[in-house]
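query.pdb (PDB, C-alpha atoms, pLDDT in the B column)
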```pdb
ATOM      1  CA  MET L   5     -24.823 -40.043  54.822  1.00 50.00           C
ATOM      2  CA  ASN L   6     -27.838 -40.075  57.131  1.00 64.00           C
ATOM      3  CA  ASN L   7     -29.573 -43.393  56.496  1.00 91.00           C
ATOM      4  CA  ILE L   8     -32.872 -42.340  58.098  1.00 92.00           C
ATOM      5  CA  GLU L   9     -35.485 -40.262  56.270  1.00 92.00           C
ATOM      6  CA  THR L  10     -38.339 -38.670  58.215  1.00 95.00           C
ATOM      7  CA  GLU L  11     -40.902 -37.200  55.859  1.00 96.00           C
ATOM      8  CA  ARG L  12     -44.413 -35.739  56.037  1.00 97.00           C
ATOM      9  CA  ARG L  13     -46.611 -35.532  52.936  1.00 98.00           C
ATOM     10  CA  PHE L  14     -49.595 -33.300  52.153  1.00 98.00           C
ATOM     11  CA  LEU L  15     -52.006 -32.559  49.352  1.00 98.00           C
ATOM     12  CA  ILE L  16     -51.880 -29.027  47.959  1.00 97.00           C
ATOM     13  CA  LYS L  17     -55.079 -26.979  48.240  1.00 96.00           C
ATOM     14  CA  ASN L  18     -54.259 -23.875  46.157  1.00 96.00           C
ATOM     15  CA  ASP L  19     -51.593 -22.297  43.924  1.00 96.00           C
ATOM     16  CA  HIS L  20     -50.156 -19.847  46.493  1.00 97.00           C
ATOM     17  CA  TRP L  21     -46.935 -21.893  46.700  1.00 98.00           C
ATOM     18  CA  LYS L  22     -46.060 -21.042  43.093  1.00 97.00           C
ATOM     19  CA  ALA L  23     -45.005 -17.460  43.918  1.00 96.00           C
ATOM     20  CA  SER L  24     -42.067 -18.772  45.997  1.00 96.00           C
ATOM     21  CA  ALA L  25     -41.202 -21.893  44.010  1.00 97.00           C
ATOM     22  CA  SER L  26     -37.756 -22.628  42.607  1.00 96.00           C
ATOM     23  CA  GLU L  27     -37.160 -23.602  38.986  1.00 95.00           C
ATOM     24  CA  PRO L  28     -38.727 -27.024  38.420  1.00 96.00           C
ATOM     25  CA  LYS L  29     -36.703 -30.205  37.970  1.00 97.00           C
ATOM     26  CA  LEU L  30     -38.092 -32.965  35.759  1.00 98.00           C
ATOM     27  CA  MET L  31     -37.733 -36.397  37.367  1.00 98.00           C
ATOM     28  CA  SER L  32     -38.206 -39.867  35.946  1.00 98.00           C
ATOM     29  CA  GLN L  33     -38.477 -42.703  38.422  1.00 98.00           C
ATOM     30  CA  GLY L  34     -38.599 -46.441  37.882  1.00 98.00           C
ATOM     31  CA  TYR L  35     -39.115 -49.131  40.489  1.00 97.00           C
ATOM     32  CA  LEU L  36     -37.285 -52.454  40.595  1.00 96.00           C
ATOM     33  CA  SER L  37     -39.109 -53.442  43.812  1.00 93.00           C
ATOM     34  CA  VAL L  38     -42.360 -52.088  45.215  1.00 92.00           C
ATOM     35  CA  GLU L  39     -43.247 -53.518  48.610  1.00 90.00           C
ATOM     36  CA  LYS L  40     -44.278 -51.891  51.886  1.00 86.00           C
ATOM     37  CA  GLU L  41     -41.183 -53.275  53.621  1.00 90.00           C
ATOM     38  CA  ARG L  42     -38.768 -52.094  50.921  1.00 93.00           C
ATOM     39  CA  THR L  43     -38.580 -50.238  47.647  1.00 95.00           C
ATOM     40  CA  ILE L  44     -35.743 -50.031  45.160  1.00 97.00           C
ATOM     41  CA  ARG L  45     -35.885 -47.037  42.861  1.00 98.00           C
ATOM     42  CA  VAL L  46     -33.932 -45.587  39.944  1.00 98.00           C
ATOM     43  CA  ARG L  47     -34.251 -41.801  39.563  1.00 98.00           C
ATOM     44  CA  ILE L  48     -33.060 -39.643  36.684  1.00 98.00           C
ATOM     45  CA  ILE L  49     -32.864 -35.843  36.926  1.00 98.00           C
ATOM     46  CA  GLY L  50     -31.246 -34.217  33.903  1.00 96.00           C
ATOM     47  CA  ASN L  51     -27.860 -35.856  33.364  1.00 97.00           C
ATOM     48  CA  GLN L  52     -27.659 -37.412  36.838  1.00 98.00           C
ATOM     49  CA  ALA L  53     -29.049 -40.662  38.192  1.00 98.00           C
ATOM     50  CA  TRP L  54     -29.378 -42.436  41.534  1.00 98.00           C
ATOM     51  CA  LEU L  55     -30.236 -45.860  42.841  1.00 98.00           C
ATOM     52  CA  THR L  56     -32.187 -45.666  46.107  1.00 97.00           C
ATOM     53  CA  LEU L  57     -33.124 -48.414  48.552  1.00 97.00           C
ATOM     54  CA  LYS L  58     -35.742 -47.639  51.195  1.00 95.00           C
ATOM     55  CA  GLY L  59     -36.853 -49.767  54.150  1.00 95.00           C
ATOM     56  CA  TYR L  60     -40.039 -49.276  56.180  1.00 93.00           C
ATOM     57  CA  ILE L  61     -39.649 -48.167  59.815  1.00 93.00           C
ATOM     58  CA  SER L  62     -42.947 -46.284  60.294  1.00 92.00           C
ATOM     59  CA  ASP L  63     -45.381 -44.312  58.141  1.00 90.00           C
ATOM     60  CA  VAL L  64     -43.196 -41.236  58.694  1.00 92.00           C
ATOM     61  CA  THR L  65     -39.692 -42.725  58.909  1.00 94.00           C
ATOM     62  CA  ARG L  66     -37.757 -45.014  56.582  1.00 93.00           C
ATOM     63  CA  SER L  67     -34.204 -46.169  56.221  1.00 95.00           C
ATOM     64  CA  GLU L  68     -32.728 -44.833  52.995  1.00 95.00           C
ATOM     65  CA  PHE L  69     -29.567 -45.621  51.063  1.00 96.00           C
ATOM     66  CA  GLU L  70     -28.951 -43.581  47.920  1.00 96.00           C
ATOM     67  CA  TYR L  71     -26.091 -43.903  45.444  1.00 97.00           C
ATOM     68  CA  GLU L  72     -25.248 -41.901  42.346  1.00 98.00           C
ATOM     69  CA  ILE L  73     -24.932 -44.192  39.329  1.00 98.00           C
ATOM     70  CA  PRO L  74     -23.953 -43.652  35.686  1.00 98.00           C
ATOM     71  CA  LEU L  75     -26.768 -42.163  33.612  1.00 98.00           C
ATOM     72  CA  ALA L  76     -26.447 -44.891  30.948  1.00 98.00           C
ATOM     73  CA  ASP L  77     -26.839 -47.597  33.613  1.00 98.00           C
ATOM     74  CA  ALA L  78     -29.904 -45.859  35.036  1.00 98.00           C
ATOM     75  CA  GLN L  79     -31.496 -45.547  31.610  1.00 98.00           C
ATOM     76  CA  THR L  80     -30.854 -49.228  30.882  1.00 98.00           C
ATOM     77  CA  MET L  81     -32.394 -50.196  34.237  1.00 98.00           C
ATOM     78  CA  MET L  82     -35.420 -47.994  33.521  1.00 97.00           C
ATOM     79  CA  ASP L  83     -35.870 -49.503  30.063  1.00 97.00           C
ATOM     80  CA  THR L  84     -35.325 -53.162  30.960  1.00 97.00           C
ATOM     81  CA  MET L  85     -35.830 -53.738  34.688  1.00 97.00           C
ATOM     82  CA  CYS L  86     -38.441 -51.246  35.927  1.00 97.00           C
ATOM     83  CA  PRO L  87     -41.989 -52.358  35.206  1.00 96.00           C
ATOM     84  CA  PHE L  88     -43.407 -49.429  37.182  1.00 96.00           C
ATOM     85  CA  LYS L  89     -42.515 -45.817  36.322  1.00 97.00           C
ATOM     86  CA  LEU L  90     -43.658 -42.261  36.829  1.00 97.00           C
ATOM     87  CA  GLU L  91     -42.682 -38.736  35.873  1.00 97.00           C
ATOM     88  CA  LYS L  92     -43.039 -35.612  37.927  1.00 98.00           C
ATOM     89  CA  CYS L  93     -41.772 -32.083  38.179  1.00 98.00           C
ATOM     90  CA  ARG L  94     -40.302 -31.010  41.534  1.00 98.00           C
ATOM     91  CA  HIS L  95     -40.298 -27.467  42.859  1.00 98.00           C
ATOM     92  CA  GLU L  96     -38.775 -26.350  46.143  1.00 98.00           C
ATOM     93  CA  VAL L  97     -40.461 -23.776  48.341  1.00 98.00           C
ATOM     94  CA  VAL L  98     -38.699 -22.395  51.414  1.00 98.00           C
ATOM     95  CA  TYR L  99     -41.233 -21.333  54.027  1.00 97.00           C
ATOM     96  CA  GLU L 100     -40.175 -20.065  57.469  1.00 97.00           C
ATOM     97  CA  GLY L 101     -36.833 -21.859  57.131  1.00 97.00           C
ATOM     98  CA  PHE L 102     -38.300 -25.214  56.037  1.00 98.00           C
ATOM     99  CA  THR L 103     -37.916 -26.567  52.498  1.00 98.00           C
ATOM    100  CA  PHE L 104     -41.084 -28.075  51.064  1.00 98.00           C
ATOM    101  CA  GLU L 105     -40.677 -30.185  47.924  1.00 98.00           C
ATOM    102  CA  ILE L 106     -43.732 -29.806  45.702  1.00 98.00           C
ATOM    103  CA  ASP L 107     -44.235 -32.633  43.205  1.00 98.00           C
ATOM    104  CA  GLU L 108     -46.505 -32.107  40.204  1.00 98.00           C
ATOM    105  CA  TYR L 109     -47.217 -35.462  38.565  1.00 98.00           C
ATOM    106  CA  PHE L 110     -47.557 -36.074  34.824  1.00 95.00           C
ATOM    107  CA  GLY L 111     -49.237 -38.664  32.662  1.00 95.00           C
ATOM    108  CA  GLU L 112     -51.603 -41.012  34.436  1.00 97.00           C
ATOM    109  CA  ASN L 113     -50.879 -39.370  37.803  1.00 98.00           C
ATOM    110  CA  ALA L 114     -51.897 -35.854  36.713  1.00 97.00           C
ATOM    111  CA  PRO L 115     -53.267 -33.575  38.086  1.00 96.00           C
ATOM    112  CA  LEU L 116     -51.976 -34.781  41.481  1.00 98.00           C
ATOM    113  CA  ILE L 117     -49.768 -32.291  43.381  1.00 98.00           C
ATOM    114  CA  VAL L 118     -48.125 -33.315  46.676  1.00 98.00           C
ATOM    115  CA  ALA L 119     -45.889 -31.469  49.156  1.00 98.00           C
ATOM    116  CA  GLU L 120     -43.150 -33.372  50.974  1.00 98.00           C
ATOM    117  CA  LEU L 121     -41.243 -32.097  53.982  1.00 98.00           C
ATOM    118  CA  GLU L 122     -38.178 -33.869  55.375  1.00 96.00           C
ATOM    119  CA  LEU L 123     -37.685 -33.353  59.092  1.00 96.00           C
ATOM    120  CA  PRO L 124     -34.926 -34.205  61.600  1.00 93.00           C
ATOM    121  CA  SER L 125     -37.364 -36.342  63.661  1.00 92.00           C
ATOM    122  CA  GLU L 126     -41.014 -37.342  63.850  1.00 91.00           C
ATOM    123  CA  GLU L 127     -41.528 -34.856  66.721  1.00 92.00           C
ATOM    124  CA  THR L 128     -40.111 -31.795  64.920  1.00 95.00           C
ATOM    125  CA  PRO L 129     -42.688 -28.965  64.792  1.00 96.00           C
ATOM    126  CA  PHE L 130     -43.043 -27.231  61.431  1.00 97.00           C
ATOM    127  CA  PRO L 131     -45.037 -24.368  59.925  1.00 97.00           C
ATOM    128  CA  LYS L 132     -48.156 -25.004  57.856  1.00 97.00           C
ATOM    129  CA  PRO L 133     -48.522 -22.528  54.981  1.00 98.00           C
ATOM    130  CA  ASP L 134     -52.026 -21.736  53.695  1.00 97.00           C
ATOM    131  CA  TRP L 135     -51.465 -23.857  50.564  1.00 98.00           C
ATOM    132  CA  LEU L 136     -50.850 -27.027  52.573  1.00 97.00           C
ATOM    133  CA  GLY L 137     -53.894 -29.293  52.521  1.00 97.00           C
ATOM    134  CA  GLU L 138     -54.776 -32.649  54.031  1.00 97.00           C
ATOM    135  CA  GLU L 139     -51.911 -34.698  55.455  1.00 97.00           C
ATOM    136  CA  ILE L 140     -51.449 -37.967  53.551  1.00 98.00           C
ATOM    137  CA  THR L 141     -48.287 -39.267  55.246  1.00 96.00           C
ATOM    138  CA  SER L 142     -49.984 -42.416  56.556  1.00 93.00           C
ATOM    139  CA  ASP L 143     -51.936 -43.082  53.354  1.00 96.00           C
ATOM    140  CA  GLY L 144     -49.744 -45.496  51.380  1.00 91.00           C
ATOM    141  CA  LYS L 145     -51.596 -44.936  48.124  1.00 95.00           C
ATOM    142  CA  TYR L 146     -49.920 -41.522  47.804  1.00 96.00           C
ATOM    143  CA  THR L 147     -46.374 -42.902  47.857  1.00 95.00           C
ATOM    144  CA  ASN L 148     -44.441 -42.681  44.602  1.00 96.00           C
ATOM    145  CA  ALA L 149     -43.975 -46.447  44.596  1.00 94.00           C
ATOM    146  CA  TYR L 150     -47.746 -47.037  44.837  1.00 95.00           C
ATOM    147  CA  LEU L 151     -48.501 -44.359  42.228  1.00 97.00           C
ATOM    148  CA  SER L 152     -46.113 -46.063  39.804  1.00 96.00           C
ATOM    149  CA  LYS L 153     -48.252 -49.238  39.972  1.00 95.00           C
ATOM    150  CA  HIS L 154     -51.682 -47.691  40.563  1.00 96.00           C
ATOM    151  CA  PRO L 155     -51.882 -44.303  38.825  1.00 97.00           C
ATOM    152  CA  TYR L 156     -54.001 -41.566  40.327  1.00 97.00           C
ATOM    153  CA  SER L 157     -56.209 -41.450  37.203  1.00 96.00           C
ATOM    154  CA  GLU L 158     -57.369 -45.029  37.912  1.00 96.00           C
ATOM    155  CA  TRP L 159     -58.598 -44.361  41.456  1.00 96.00           C
TER     156      TRP L 159
END
```
If you convert what's in this file into structure tokens, what do you get?
Amino acid sequence: MNNIETERRFLIKNDHWKASASEPKLMSQGYLSVEKERTIRVRIIGNQAWLTLKGYISDVTRSEFEYEIPLADAQTMMDTMCPFKLEKCRHEVVYEGFTFEIDEYFGENAPLIVAELELPSEETPFPKPDWLGEEITSDGKYTNAYLSKHPYSEW
């Protein structure tokens, strides 16, 4: 497993991405720890669940350790240990060989839509489709951990 995640994040400025999007996946996420230096997250997608630990390296790069866990354990953690939660629907869009993950948020974070792009390094050049809007990588309020505590609708 690669324990380093390099990711760029962008707002979406139009619906052109939808024509190339994969089938959506519903995700529930709960946070056991929400700090800039580290986050600990439980994620449920369908009948699978993961526990993820992330450590801050830079605005673009984090250390990441992710482990599949039993669904029942994840649900118990979500119900009893995660004070901060969110739900979103993820679509994947392949554009010029790069996979953009488009997250549509529900509930108090609607109608926010964000594109994420994982890259091999911070210097990797990548294409910018016409639906990609303002870059928000360095704006911590757009992280999932922050959104779980401070929903978009409250901004």
Would you write out, as a count of residues only, every residue that the PyMOL selection byres ((chain L and resi 100-115) around 9) captures in this file? 30
Selected residue of minimal separation from L:Ile49 among L:Lys29, L:Lys22, L:Tyr35, L:Asp63, counting all atoms listed in the file: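 That would be L:Lys29, the residue with the smallest distance to L:Ile49.
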Reference answer for the PyMOL selection byres ((chain L and resi 125) around 9), as a list in words: Glu9, Thr10, Glu11, Thr65, Glu122, Leu123, Pro124, Glu126, Glu127 and Thr128 of chain L
Return the single residue from L:Lys132, L:Lys89, L:Arg66, L:His20 that is closest to L:Asn148, with distances computed using all atoms listed in the file.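 Residue with the minimum atom-to-atom distance to L:Asn148: L:Lys89.
Distance annotation: of L:Gln52, L:Leu15, L:Glu41, L:Val46, the residue with the minimal separation from L:Cys86 is L:Val46; atom set is only C-alpha atoms.
For the pair atom CA of L:Ile44 and atom CA of L:Gly137, the interatomic distance is 28.5 Å.
Using all atoms listed in the file, the nearest neighbour of L:Val38 within the list L:Trp159, L:Tyr71, L:Trp54, L:Tyr60 is L:Tyr60.
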In Å and to one decimal, atom CA of L:Ile140 is distant from atom CA of L:Gly34 by 22.0 Å
Atom CA of L:Val64 to atom CA of L:Ile8 measures 10.4 Å
Can you tell me, as a PDB file with C-alpha atoms, keeping the file's coordinate frame, what residues are no more than 9 Å from L:Ile48 when counting all atoms listed in the file, ignoring any on the same chain fewer than 6 positions away?
```pdb
ATOM      1  CA  LEU L  30     -38.092 -32.965  35.759  1.00 98.00           C
ATOM      2  CA  MET L  31     -37.733 -36.397  37.367  1.00 98.00           C
ATOM      3  CA  SER L  32     -38.206 -39.867  35.946  1.00 98.00           C
ATOM      4  CA  GLN L  33     -38.477 -42.703  38.422  1.00 98.00           C
ATOM      5  CA  GLY L  34     -38.599 -46.441  37.882  1.00 98.00           C
ATOM      6  CA  TRP L  54     -29.378 -42.436  41.534  1.00 98.00           C
ATOM      7  CA  LEU L  75     -26.768 -42.163  33.612  1.00 98.00           C
ATOM      8  CA  ALA L  78     -29.904 -45.859  35.036  1.00 98.00           C
ATOM      9  CA  GLN L  79     -31.496 -45.547  31.610  1.00 98.00           C
TER      10      GLN L  79
END
```
